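Containing compact mmCIF, C-alpha atoms: structure_25.txt.
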```txt
# COMPACT_ATOMS: atom_id res chain seq x y z
CA MET A 1 28.47 35.81 -13.19
CA THR A 2 27.00 33.10 -15.42
CA LYS A 3 25.42 31.40 -12.44
CA ILE A 4 23.82 34.62 -11.23
CA SER A 5 22.40 35.52 -14.62
CA VAL A 6 20.93 32.04 -15.07
CA VAL A 7 19.30 32.23 -11.65
CA ARG A 8 17.91 35.67 -12.50
CA SER A 9 16.34 34.51 -15.73
CA VAL A 10 14.83 31.46 -14.01
CA LEU A 11 13.25 33.75 -11.40
CA LYS A 12 11.97 36.12 -14.07
CA ALA A 13 10.33 33.29 -16.01
CA ASN A 14 8.84 31.97 -12.77
CA ASP A 15 7.35 35.36 -11.92
CA ALA A 16 5.69 35.63 -15.33
CA VAL A 17 3.98 32.25 -14.90
CA ALA A 18 3.02 33.19 -11.33
CA GLU A 19 1.26 36.27 -12.65
CA VAL A 20 -0.73 34.13 -15.10
CA ASN A 21 -1.69 31.77 -12.25
CA ARG A 22 -2.82 34.69 -10.11
CA LYS A 23 -5.01 36.21 -12.85
CA ARG A 24 -6.57 32.83 -13.62
CA LEU A 25 -7.39 32.21 -9.95
CA GLU A 26 -8.69 35.73 -9.43
CA ALA A 27 -11.02 35.36 -12.40
CA ALA A 28 -12.38 32.22 -10.69
CA GLY A 29 -12.88 34.10 -7.38
CA ILE A 30 -10.33 31.99 -5.54
CA LEU A 31 -8.14 33.33 -2.73
CA VAL A 32 -4.73 31.64 -2.87
CA LEU A 33 -2.41 31.13 0.11
CA ASN A 34 1.17 29.90 -0.14
CA ILE A 35 2.10 28.14 3.13
CA THR A 36 5.73 27.66 4.09
CA SER A 37 7.52 26.38 7.18
CA ALA A 38 10.29 24.10 8.33
CA PRO A 39 9.65 20.36 7.95
CA GLY A 40 7.25 19.12 10.60
CA SER A 41 5.87 22.47 11.75
CA GLY A 42 2.33 21.29 11.14
CA LYS A 43 1.26 22.62 7.73
CA THR A 44 -0.78 19.52 6.92
CA ALA A 45 -2.26 19.31 10.43
CA LEU A 46 -3.32 22.96 10.15
CA LEU A 47 -5.12 22.27 6.87
CA GLU A 48 -6.79 19.18 8.32
CA ARG A 49 -8.42 21.48 10.90
CA THR A 50 -8.93 24.57 8.78
CA ILE A 51 -10.62 23.19 5.69
CA PRO A 52 -13.57 21.48 7.44
CA ALA A 53 -13.97 24.44 9.81
CA LEU A 54 -14.47 26.86 6.91
CA ALA A 55 -16.81 24.62 4.90
CA PRO A 56 -19.36 24.90 3.46
CA GLY A 57 -19.12 28.71 3.47
CA LEU A 58 -15.67 28.58 1.92
CA ARG A 59 -14.79 25.59 -0.26
CA SER A 60 -11.09 24.68 -0.37
CA ALA A 61 -8.65 22.67 -2.43
CA VAL A 62 -4.97 21.99 -1.78
CA VAL A 63 -1.84 21.84 -3.92
CA VAL A 64 0.83 19.91 -2.00
CA GLY A 65 4.54 19.93 -2.80
CA ASP A 66 6.83 17.15 -1.63
CA LEU A 67 10.22 15.89 -2.73
CA GLN A 68 9.02 12.39 -3.42
CA THR A 69 6.12 11.00 -1.40
CA THR A 70 2.37 11.48 -1.56
CA ARG A 71 1.89 11.18 2.21
CA ASP A 72 0.50 14.67 2.78
CA ALA A 73 -1.87 14.30 -0.14
CA GLU A 74 -3.06 10.98 1.31
CA ARG A 75 -3.67 12.60 4.71
CA LEU A 76 -5.61 15.45 3.12
CA GLY A 77 -7.51 13.07 0.85
CA GLY A 78 -9.50 12.06 3.93
CA LEU A 79 -11.10 15.51 3.98
CA ALA A 80 -13.04 14.92 0.76
CA VAL A 81 -11.48 17.94 -0.89
CA GLU A 82 -9.55 18.05 -4.12
CA VAL A 83 -5.80 17.64 -3.61
CA ALA A 84 -3.17 18.02 -6.34
CA GLN A 85 0.18 16.48 -5.46
CA ILE A 86 3.38 17.84 -6.97
CA ASN A 87 6.61 15.88 -6.59
CA THR A 88 9.57 18.21 -6.91
CA GLU A 89 11.98 15.30 -7.44
CA GLY A 90 14.50 16.65 -4.98
CA GLY A 91 13.73 20.34 -5.50
CA CYS A 92 13.56 22.39 -2.30
CA HIS A 93 10.55 24.54 -3.29
CA LEU A 94 7.57 24.65 -5.60
CA GLN A 95 7.69 26.80 -8.72
CA ALA A 96 4.93 28.54 -10.63
CA THR A 97 4.88 26.17 -13.63
CA GLN A 98 4.24 23.22 -11.31
CA VAL A 99 1.31 25.05 -9.76
CA ALA A 100 0.01 25.94 -13.24
CA ASP A 101 -0.03 22.24 -14.14
CA ALA A 102 -1.77 21.40 -10.86
CA LEU A 103 -4.50 23.98 -11.53
CA ASP A 104 -5.46 22.11 -14.69
CA THR A 105 -6.45 19.14 -12.53
CA LEU A 106 -8.76 21.09 -10.18
CA ALA A 107 -12.41 22.09 -10.65
CA LEU A 108 -11.73 25.79 -10.12
CA LYS A 109 -15.34 26.91 -10.50
CA ASP A 110 -16.29 25.06 -7.30
CA LEU A 111 -13.60 26.68 -5.14
CA ASP A 112 -13.23 29.72 -2.88
CA LEU A 113 -9.81 29.01 -1.35
CA LEU A 114 -6.67 27.35 -2.64
CA PHE A 115 -4.01 26.40 -0.11
CA ILE A 116 -0.58 25.70 -1.57
CA GLU A 117 1.40 23.61 0.92
CA ASN A 118 4.99 24.26 -0.09
CA VAL A 119 7.96 21.94 0.49
CA GLY A 120 9.09 22.04 4.15
CA ASN A 121 11.95 24.50 3.89
CA MET A 122 12.76 27.83 5.56
CA VAL A 123 14.96 29.19 2.77
CA CYS A 124 14.25 28.17 -0.84
CA PRO A 125 10.50 28.89 -1.17
CA ALA A 126 11.02 32.56 -0.29
CA SER A 127 12.22 33.54 -3.78
CA TYR A 128 9.47 31.81 -5.76
CA ASP A 129 6.15 33.54 -6.35
CA LEU A 130 3.57 30.84 -7.17
CA GLY A 131 0.69 33.16 -8.00
CA GLU A 132 -0.58 33.43 -4.42
CA HIS A 133 -2.37 36.41 -2.92
CA LEU A 134 -0.99 35.89 0.56
CA ARG A 135 1.97 34.17 2.19
CA VAL A 136 1.46 32.18 5.37
CA VAL A 137 4.49 31.21 7.46
CA LEU A 138 4.32 28.68 10.28
CA LEU A 139 6.78 28.47 13.13
CA SER A 140 6.30 25.74 15.71
CA VAL A 141 7.12 26.00 19.41
CA PRO A 142 9.64 23.10 19.55
CA GLU A 143 11.78 24.82 16.88
CA GLY A 144 12.56 27.56 19.38
CA PRO A 145 11.97 31.33 19.34
CA ASP A 146 15.13 32.27 17.38
CA LYS A 147 13.87 31.28 13.94
CA VAL A 148 12.68 34.71 12.77
CA ALA A 149 16.19 36.13 13.21
CA LYS A 150 17.82 33.09 11.64
CA TYR A 151 15.53 32.80 8.59
CA PRO A 152 14.53 36.42 7.87
CA THR A 153 14.04 35.91 4.12
CA ILE A 154 11.01 33.70 4.75
CA PHE A 155 9.48 35.83 7.53
CA GLN A 156 9.98 39.22 5.88
CA PRO A 157 7.43 38.71 3.07
CA ALA A 158 4.89 36.86 5.27
CA ASP A 159 1.34 38.24 5.29
CA VAL A 160 0.40 36.20 8.35
CA ILE A 161 2.47 34.21 10.83
CA LEU A 162 1.21 31.32 12.93
CA ILE A 163 3.05 29.96 15.94
CA ASN A 164 1.86 26.36 16.02
CA LYS A 165 2.10 23.68 18.74
CA MET A 166 1.31 26.22 21.46
CA ASP A 167 0.10 23.28 23.59
CA LEU A 168 3.84 22.57 24.15
CA ALA A 169 4.73 26.15 25.14
CA GLY A 170 4.49 25.57 28.90
CA LEU A 171 6.51 22.38 28.89
CA LEU A 172 9.23 23.85 26.65
CA GLU A 173 9.21 27.23 28.43
CA PHE A 174 8.58 28.95 25.10
CA SER A 175 7.91 32.66 25.11
CA ASP A 176 6.91 34.63 22.04
CA GLU A 177 8.75 37.75 23.21
CA ILE A 178 11.86 36.96 21.14
CA VAL A 179 9.70 36.19 18.10
CA ARG A 180 7.88 39.51 18.44
CA ALA A 181 11.09 41.48 19.01
CA ASP A 182 12.73 39.93 15.93
CA LEU A 183 9.59 40.49 13.83
CA ALA A 184 9.50 44.14 14.90
CA ARG A 185 12.72 44.61 12.92
CA ILE A 186 11.68 42.96 9.66
CA ASN A 187 7.89 42.62 9.43
CA THR A 188 5.41 44.73 11.38
CA ARG A 189 2.66 44.11 8.85
CA ALA A 190 1.74 40.47 9.41
CA PRO A 191 -0.63 39.50 12.22
CA LEU A 192 0.66 36.78 14.53
CA PHE A 193 -1.66 33.98 15.68
CA LYS A 194 -0.73 31.54 18.43
CA VAL A 195 -2.42 28.21 17.71
CA SER A 196 -2.32 24.48 18.18
CA ALA A 197 -3.45 22.40 15.22
CA ARG A 198 -3.47 19.43 17.61
CA THR A 199 -5.82 20.83 20.26
CA GLY A 200 -7.58 23.47 18.16
CA GLU A 201 -6.44 26.26 20.50
CA GLY A 202 -6.43 29.73 18.94
CA LEU A 203 -7.65 28.67 15.51
CA GLU A 204 -10.83 30.78 15.45
CA ALA A 205 -8.78 33.96 14.98
CA TRP A 206 -7.02 32.36 12.00
CA TYR A 207 -10.35 31.26 10.49
CA ASP A 208 -11.75 34.78 10.92
CA TRP A 209 -8.68 36.26 9.27
CA LEU A 210 -9.15 33.92 6.28
CA ARG A 211 -12.84 34.82 5.99
CA VAL A 212 -12.02 38.54 6.10
CA GLN A 213 -9.30 38.15 3.45
CA HIS A 214 -11.66 36.31 1.10
CA ARG A 215 -14.44 38.81 1.64
CA ALA A 216 -12.10 41.77 1.08
CA ARG A 217 -11.19 40.48 -2.38
CA PHE A 218 -14.29 38.71 -3.63
CA GLY A 219 -17.21 40.03 -1.53
CA SER A 220 -19.30 37.74 0.64
CA MET B 1 20.39 22.81 -20.17
CA THR B 2 22.49 25.85 -19.31
CA LYS B 3 21.17 25.83 -15.78
CA ILE B 4 21.99 22.15 -15.27
CA SER B 5 25.53 22.48 -16.61
CA VAL B 6 26.22 25.49 -14.39
CA VAL B 7 24.94 23.60 -11.35
CA ARG B 8 27.12 20.61 -12.28
CA SER B 9 30.26 22.68 -12.57
CA VAL B 10 29.52 24.41 -9.24
CA LEU B 11 29.19 20.99 -7.59
CA LYS B 12 32.39 19.73 -9.20
CA ALA B 13 34.37 22.75 -7.98
CA ASN B 14 32.86 22.31 -4.52
CA ASP B 15 33.90 18.66 -4.41
CA ALA B 16 37.50 19.50 -5.30
CA VAL B 17 37.74 22.02 -2.44
CA ALA B 18 36.06 19.52 -0.09
CA GLU B 19 38.75 17.00 -0.91
CA VAL B 20 41.44 19.53 -0.03
CA ASN B 21 39.66 20.29 3.28
CA ARG B 22 39.45 16.58 4.11
CA LYS B 23 43.16 15.96 3.43
CA ARG B 24 44.15 18.99 5.50
CA LEU B 25 42.00 17.87 8.44
CA GLU B 26 43.18 14.28 8.20
CA ALA B 27 46.79 15.41 8.31
CA ALA B 28 45.94 17.23 11.54
CA GLY B 29 44.31 14.12 13.02
CA ILE B 30 40.86 15.71 13.15
CA LEU B 31 37.63 13.77 12.66
CA VAL B 32 35.07 15.97 10.88
CA LEU B 33 31.31 15.63 11.17
CA ASN B 34 28.80 17.50 9.01
CA ILE B 35 25.54 17.90 10.96
CA THR B 36 22.31 18.62 9.14
CA SER B 37 18.67 18.79 10.19
CA ALA B 38 15.54 20.87 9.83
CA PRO B 39 15.57 24.25 11.60
CA GLY B 40 15.10 23.83 15.34
CA SER B 41 15.82 20.08 15.60
CA GLY B 42 18.46 20.73 18.24
CA LYS B 43 21.84 20.76 16.50
CA THR B 44 23.24 23.49 18.74
CA ALA B 45 21.74 21.94 21.89
CA LEU B 46 23.31 18.61 20.97
CA LEU B 47 26.74 20.23 20.64
CA GLU B 48 26.28 22.09 23.92
CA ARG B 49 26.00 18.68 25.61
CA THR B 50 28.42 16.68 23.47
CA ILE B 51 31.51 18.87 23.45
CA PRO B 52 31.98 19.12 27.25
CA ALA B 53 31.11 15.43 27.68
CA LEU B 54 33.94 14.37 25.34
CA ALA B 55 36.55 16.77 26.77
CA PRO B 56 39.36 16.63 27.64
CA GLY B 57 39.90 13.27 25.90
CA LEU B 58 38.60 14.67 22.62
CA ARG B 59 38.99 18.40 22.00
CA SER B 60 36.39 19.96 19.69
CA ALA B 61 35.80 23.04 17.61
CA VAL B 62 32.71 24.08 15.68
CA VAL B 63 32.05 25.67 12.30
CA VAL B 64 28.52 27.11 12.30
CA GLY B 65 26.56 28.12 9.24
CA ASP B 66 23.65 30.53 9.43
CA LEU B 67 21.86 32.73 6.94
CA GLN B 68 22.53 35.93 8.84
CA THR B 69 22.81 35.80 12.61
CA THR B 70 25.58 34.73 14.97
CA ARG B 71 23.19 33.36 17.61
CA ASP B 72 24.38 29.75 17.47
CA ALA B 73 28.01 30.84 17.63
CA GLU B 74 27.17 32.99 20.66
CA ARG B 75 25.48 30.02 22.37
CA LEU B 76 28.46 27.77 21.66
CA GLY B 77 30.91 30.48 22.70
CA GLY B 78 29.93 29.72 26.27
CA LEU B 79 31.62 26.33 25.97
CA ALA B 80 35.11 27.82 25.75
CA VAL B 81 35.78 26.09 22.45
CA GLU B 82 36.75 27.70 19.19
CA VAL B 83 33.77 28.56 17.00
CA ALA B 84 33.97 29.82 13.44
CA GLN B 85 30.79 31.47 12.20
CA ILE B 86 29.91 31.48 8.51
CA ASN B 87 27.08 33.68 7.28
CA THR B 88 25.71 32.27 4.04
CA GLU B 89 23.91 35.55 3.23
CA GLY B 90 20.70 33.80 2.28
CA GLY B 91 22.29 30.57 1.02
CA CYS B 92 20.49 27.40 2.11
CA HIS B 93 23.64 25.33 2.78
CA LEU B 94 27.34 25.63 3.53
CA GLN B 95 29.84 25.03 0.76
CA ALA B 96 33.40 23.74 0.89
CA THR B 97 35.11 27.08 0.18
CA GLN B 98 33.37 28.63 3.19
CA VAL B 99 34.62 25.81 5.39
CA ALA B 100 38.13 26.20 3.94
CA ASP B 101 38.11 29.87 4.99
CA ALA B 102 36.83 28.94 8.45
CA LEU B 103 39.64 26.39 8.91
CA ASP B 104 42.17 29.21 8.55
CA THR B 105 40.77 30.76 11.73
CA LEU B 106 41.06 27.62 13.90
CA ALA B 107 44.07 26.24 15.78
CA LEU B 108 43.90 22.86 14.07
CA LYS B 109 46.85 21.33 15.93
CA ASP B 110 44.90 21.49 19.22
CA LEU B 111 41.83 19.66 17.90
CA ASP B 112 40.53 16.10 17.67
CA LEU B 113 37.00 16.75 16.43
CA LEU B 114 35.45 19.34 14.17
CA PHE B 115 31.68 19.65 14.12
CA ILE B 116 30.23 21.51 11.16
CA GLU B 117 26.75 22.72 12.05
CA ASN B 118 25.13 23.23 8.67
CA VAL B 119 22.26 25.61 7.87
CA GLY B 120 18.94 24.22 9.12
CA ASN B 121 17.62 22.65 5.95
CA MET B 122 16.50 19.16 4.95
CA VAL B 123 17.21 19.50 1.23
CA CYS B 124 20.06 21.77 0.08
CA PRO B 125 22.98 20.56 2.24
CA ALA B 126 22.68 17.02 0.86
CA SER B 127 24.49 17.82 -2.40
CA TYR B 128 27.46 19.67 -0.88
CA ASP B 129 30.47 17.75 0.42
CA LEU B 130 32.31 20.00 2.87
CA GLY B 131 35.28 17.73 3.48
CA GLU B 132 33.67 15.79 6.31
CA HIS B 133 34.38 12.18 7.21
CA LEU B 134 30.88 11.47 8.44
CA ARG B 135 27.41 12.88 8.01
CA VAL B 136 25.14 13.25 11.02
CA VAL B 137 21.42 13.83 10.48
CA LEU B 138 19.07 14.88 13.27
CA LEU B 139 15.34 14.34 13.26
CA SER B 140 13.33 15.63 16.21
CA VAL B 141 10.21 14.02 17.66
CA PRO B 142 7.87 17.02 17.15
CA GLU B 143 8.61 16.97 13.40
CA GLY B 144 6.81 13.65 13.15
CA PRO B 145 7.95 10.20 11.99
CA ASP B 146 7.34 10.75 8.25
CA LYS B 147 10.45 12.82 7.56
CA VAL B 148 12.72 10.01 6.30
CA ALA B 149 10.28 9.23 3.51
CA LYS B 150 9.71 12.89 2.70
CA TYR B 151 13.38 13.96 2.67
CA PRO B 152 15.25 10.86 1.48
CA THR B 153 18.12 12.78 -0.11
CA ILE B 154 19.34 13.92 3.29
CA PHE B 155 18.81 10.59 5.09
CA GLN B 156 20.26 8.35 2.39
CA PRO B 157 23.91 9.49 2.78
CA ALA B 158 23.73 9.76 6.61
CA ASP B 159 26.38 7.86 8.57
CA VAL B 160 24.50 8.23 11.83
CA ILE B 161 20.97 9.37 12.61
CA LEU B 162 19.81 10.85 15.90
CA ILE B 163 16.17 11.15 16.90
CA ASN B 164 16.26 14.12 19.27
CA LYS B 165 13.68 15.43 21.77
CA MET B 166 12.77 11.88 22.84
CA ASP B 167 11.55 13.41 26.12
CA LEU B 168 8.48 14.51 24.10
CA ALA B 169 7.83 11.07 22.57
CA GLY B 170 5.23 9.99 25.13
CA LEU B 171 3.25 13.22 25.03
CA LEU B 172 3.27 13.34 21.22
CA GLU B 173 2.64 9.59 20.84
CA PHE B 174 5.74 9.33 18.67
CA SER B 175 6.88 5.88 17.62
CA ASP B 176 10.10 5.19 15.74
CA GLU B 177 8.58 2.27 13.83
CA ILE B 178 7.77 4.39 10.78
CA VAL B 179 11.26 5.95 10.86
CA ARG B 180 12.87 2.52 10.98
CA ALA B 181 10.66 1.13 8.22
CA ASP B 182 11.42 4.08 5.94
CA LEU B 183 15.15 3.86 6.70
CA ALA B 184 15.14 0.15 5.87
CA ARG B 185 14.40 1.15 2.27
CA ILE B 186 17.13 3.76 1.82
CA ASN B 187 19.81 3.46 4.49
CA THR B 188 20.51 0.31 6.51
CA ARG B 189 24.07 1.40 7.26
CA ALA B 190 23.63 4.24 9.73
CA PRO B 191 23.06 3.51 13.42
CA LEU B 192 20.05 5.23 14.97
CA PHE B 193 20.31 6.80 18.41
CA LYS B 194 17.29 8.03 20.34
CA VAL B 195 18.33 10.97 22.50
CA SER B 196 17.24 14.12 24.26
CA ALA B 197 19.71 16.98 24.21
CA ARG B 198 17.49 18.65 26.82
CA THR B 199 17.48 15.87 29.43
CA GLY B 200 20.66 14.04 28.37
CA GLU B 201 18.73 10.82 27.76
CA GLY B 202 20.48 8.36 25.42
CA LEU B 203 23.54 10.50 24.74
CA GLU B 204 26.13 8.03 26.08
CA ALA B 205 25.66 5.77 23.04
CA TRP B 206 26.28 8.76 20.75
CA TYR B 207 29.41 9.74 22.69
CA ASP B 208 30.70 6.16 22.48
CA TRP B 209 30.04 6.10 18.75
CA LEU B 210 32.05 9.34 18.32
CA ARG B 211 34.95 7.96 20.39
CA VAL B 212 34.98 4.76 18.33
CA GLN B 213 34.93 6.70 15.05
CA HIS B 214 37.86 8.86 16.12
CA ARG B 215 39.87 5.89 17.37
CA ALA B 216 39.19 3.91 14.18
CA ARG B 217 40.76 6.67 12.10
CA PHE B 218 43.42 8.18 14.28
CA GLY B 219 44.19 5.59 16.99
CA SER B 220 43.66 6.37 20.67
```
Could you write out this structure as structure tokens?
Amino acid sequence: MTKISVVRSVLKANDAVAEVNRKRLEAAGILVLNITSAPGSGKTALLERTIPALAPGLRSAVVVGDLQTTRDAERLGGLAVEVAQINTEGGCHLQATQVADALDTLALKDLDLLFIENVGNMVCPASYDLGEHLRVVLLSVPEGPDKVAKYPTIFQPADVILINKMDLAGLLEFSDEIVRADLARINTRAPLFKVSARTGEGLEAWYDWLRVQHRARFGS
Amino acid sequence: MTKISVVRSVLKANDAVAEVNRKRLEAAGILVLNITSAPGSGKTALLERTIPALAPGLRSAVVVGDLQTTRDAERLGGLAVEVAQINTEGGCHLQATQVADALDTLALKDLDLLFIENVGNMVCPASYDLGEHLRVVLLSVPEGPDKVAKYPTIFQPADVILINKMDLAGLLEFSDEIVRADLARINTRAPLFKVSARTGEGLEAWYDWLRVQHRARFGS
């Protein structure tokens, strides 16, 4: 009982800070996306393609969460965009206070999009609102098509789902039928894009979706 | 402070149950391996190859942890070995009490090896002793070579590390140099096997290692 009540109060405090983050970012006209996936599904690779493709029409920054290293931030640093690195020191997800601190380091007035690259984890990040407008979940072909059924808590609240590494689909005999059938049970709302961050395949539809989402909230 | 002390007492209780599990399994002459990896790294596929290859000399059973489904247990059921499924109901790792309950369902006297297939997660399972003798960590080629540095808490206590999906190494230009360099900083103890559970490549060394580990503890 004690454990449960402590967890509940932690989540409640997190949600309050998340709401402050969201209002602050909305006031600045910034669309915020919280990106989650298993380790190695290609979150950083996706951002390496997406951010230059949307510029200069939409100007992006990134908040990156990692247990200990700054490797993703270093990779993204090559894009000449602002990157705020958060080390969770062993924690399996980002929380709203960490994002609040990161926002203080970014020039918000020069931004249209903020991508929050969460810790690679298919379970923990689901419960933590960071102040995002939309949740992006990546699934990559080599992980296999059973992941929606096995990790429903992360796929249920997703606003958009990307199947990445589609360039390997033929070789690995991957079919999205199981993914679609499992999603039909828990999330019929989120569009599904099949992409490859390595080859660029299918990314235009994702870029268009991002542009539409920004326009819908903040005009053109 | 409250949160930390609750977490500490949960871990302490878990460790006590793990110790009971370990003694019980040792008395039965069973070597226990706790297998962790990211989702989709190939834990189940590895067991589908390993268990028949070691039989009848070493007789195996499996305890499988999943958030909600029984898909891995169904896959392994085809092997004609005993499989105990644990649903963690959203939990991001197995804990020792769940394994203790699972042991009650297995015919321990007919077993030499028990594989515990943990929830697919590179963070949470690290802190929870289940009563295993050895920790196995899988990393798969498509995840990229930076995972040791990014998830050190799972790789540091590993007793053996397998790089799976080596059949994709050429196509994805994967090199294990970064993996080895990162491991040199945190874990020089664990042998590293490069394998493919899909093609069978490299698995003999892993089988030999398992046979040696069993013999070292329980004789031939």
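CA of Thr70 (chain B) is positioned 23.0 Å from CA of Arg135 (chain B).
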ask   = Within 12 Å of Pro191 (chain B), counting all atoms listed in the file, which residues qualify if same-chain residues fewer than 3 places away don't, as a list in words?
value = Arg135, Val136, Val137, Phe155, Ala158, Asp159, Val160, Ile161, Leu162, Ile163, Arg180, Leu183, Ala184, Asn187, Thr188, Lys194, Ala205, Trp206, Trp209 and Leu210 of chain B
message = Based on only C-alpha atoms, which of the residues in chain B come within 6 Å of chain A? I want them as a PyMOL selection string.
response = chain B and resi 40+69+92+123+143+150
Shortest interatomic distance to Asp176 (chain B) - which of B:Val148, B:Val83, B:Ile154, B:Val17, counting all atoms listed in the file =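 Ranked by minimum distance to Asp176 (chain B), first place goes to B:Val148.
Here CA of Asp167 (chain A) stands at a distance of 18.6 Å from CA of Tyr207 (chain A).
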message = Given all atoms listed in the file as the basis, pick out the residue of B:Val212, B:Glu26, B:Asn118, B:Leu76 nearest to Thr50 (chain B).
response = B:Leu76
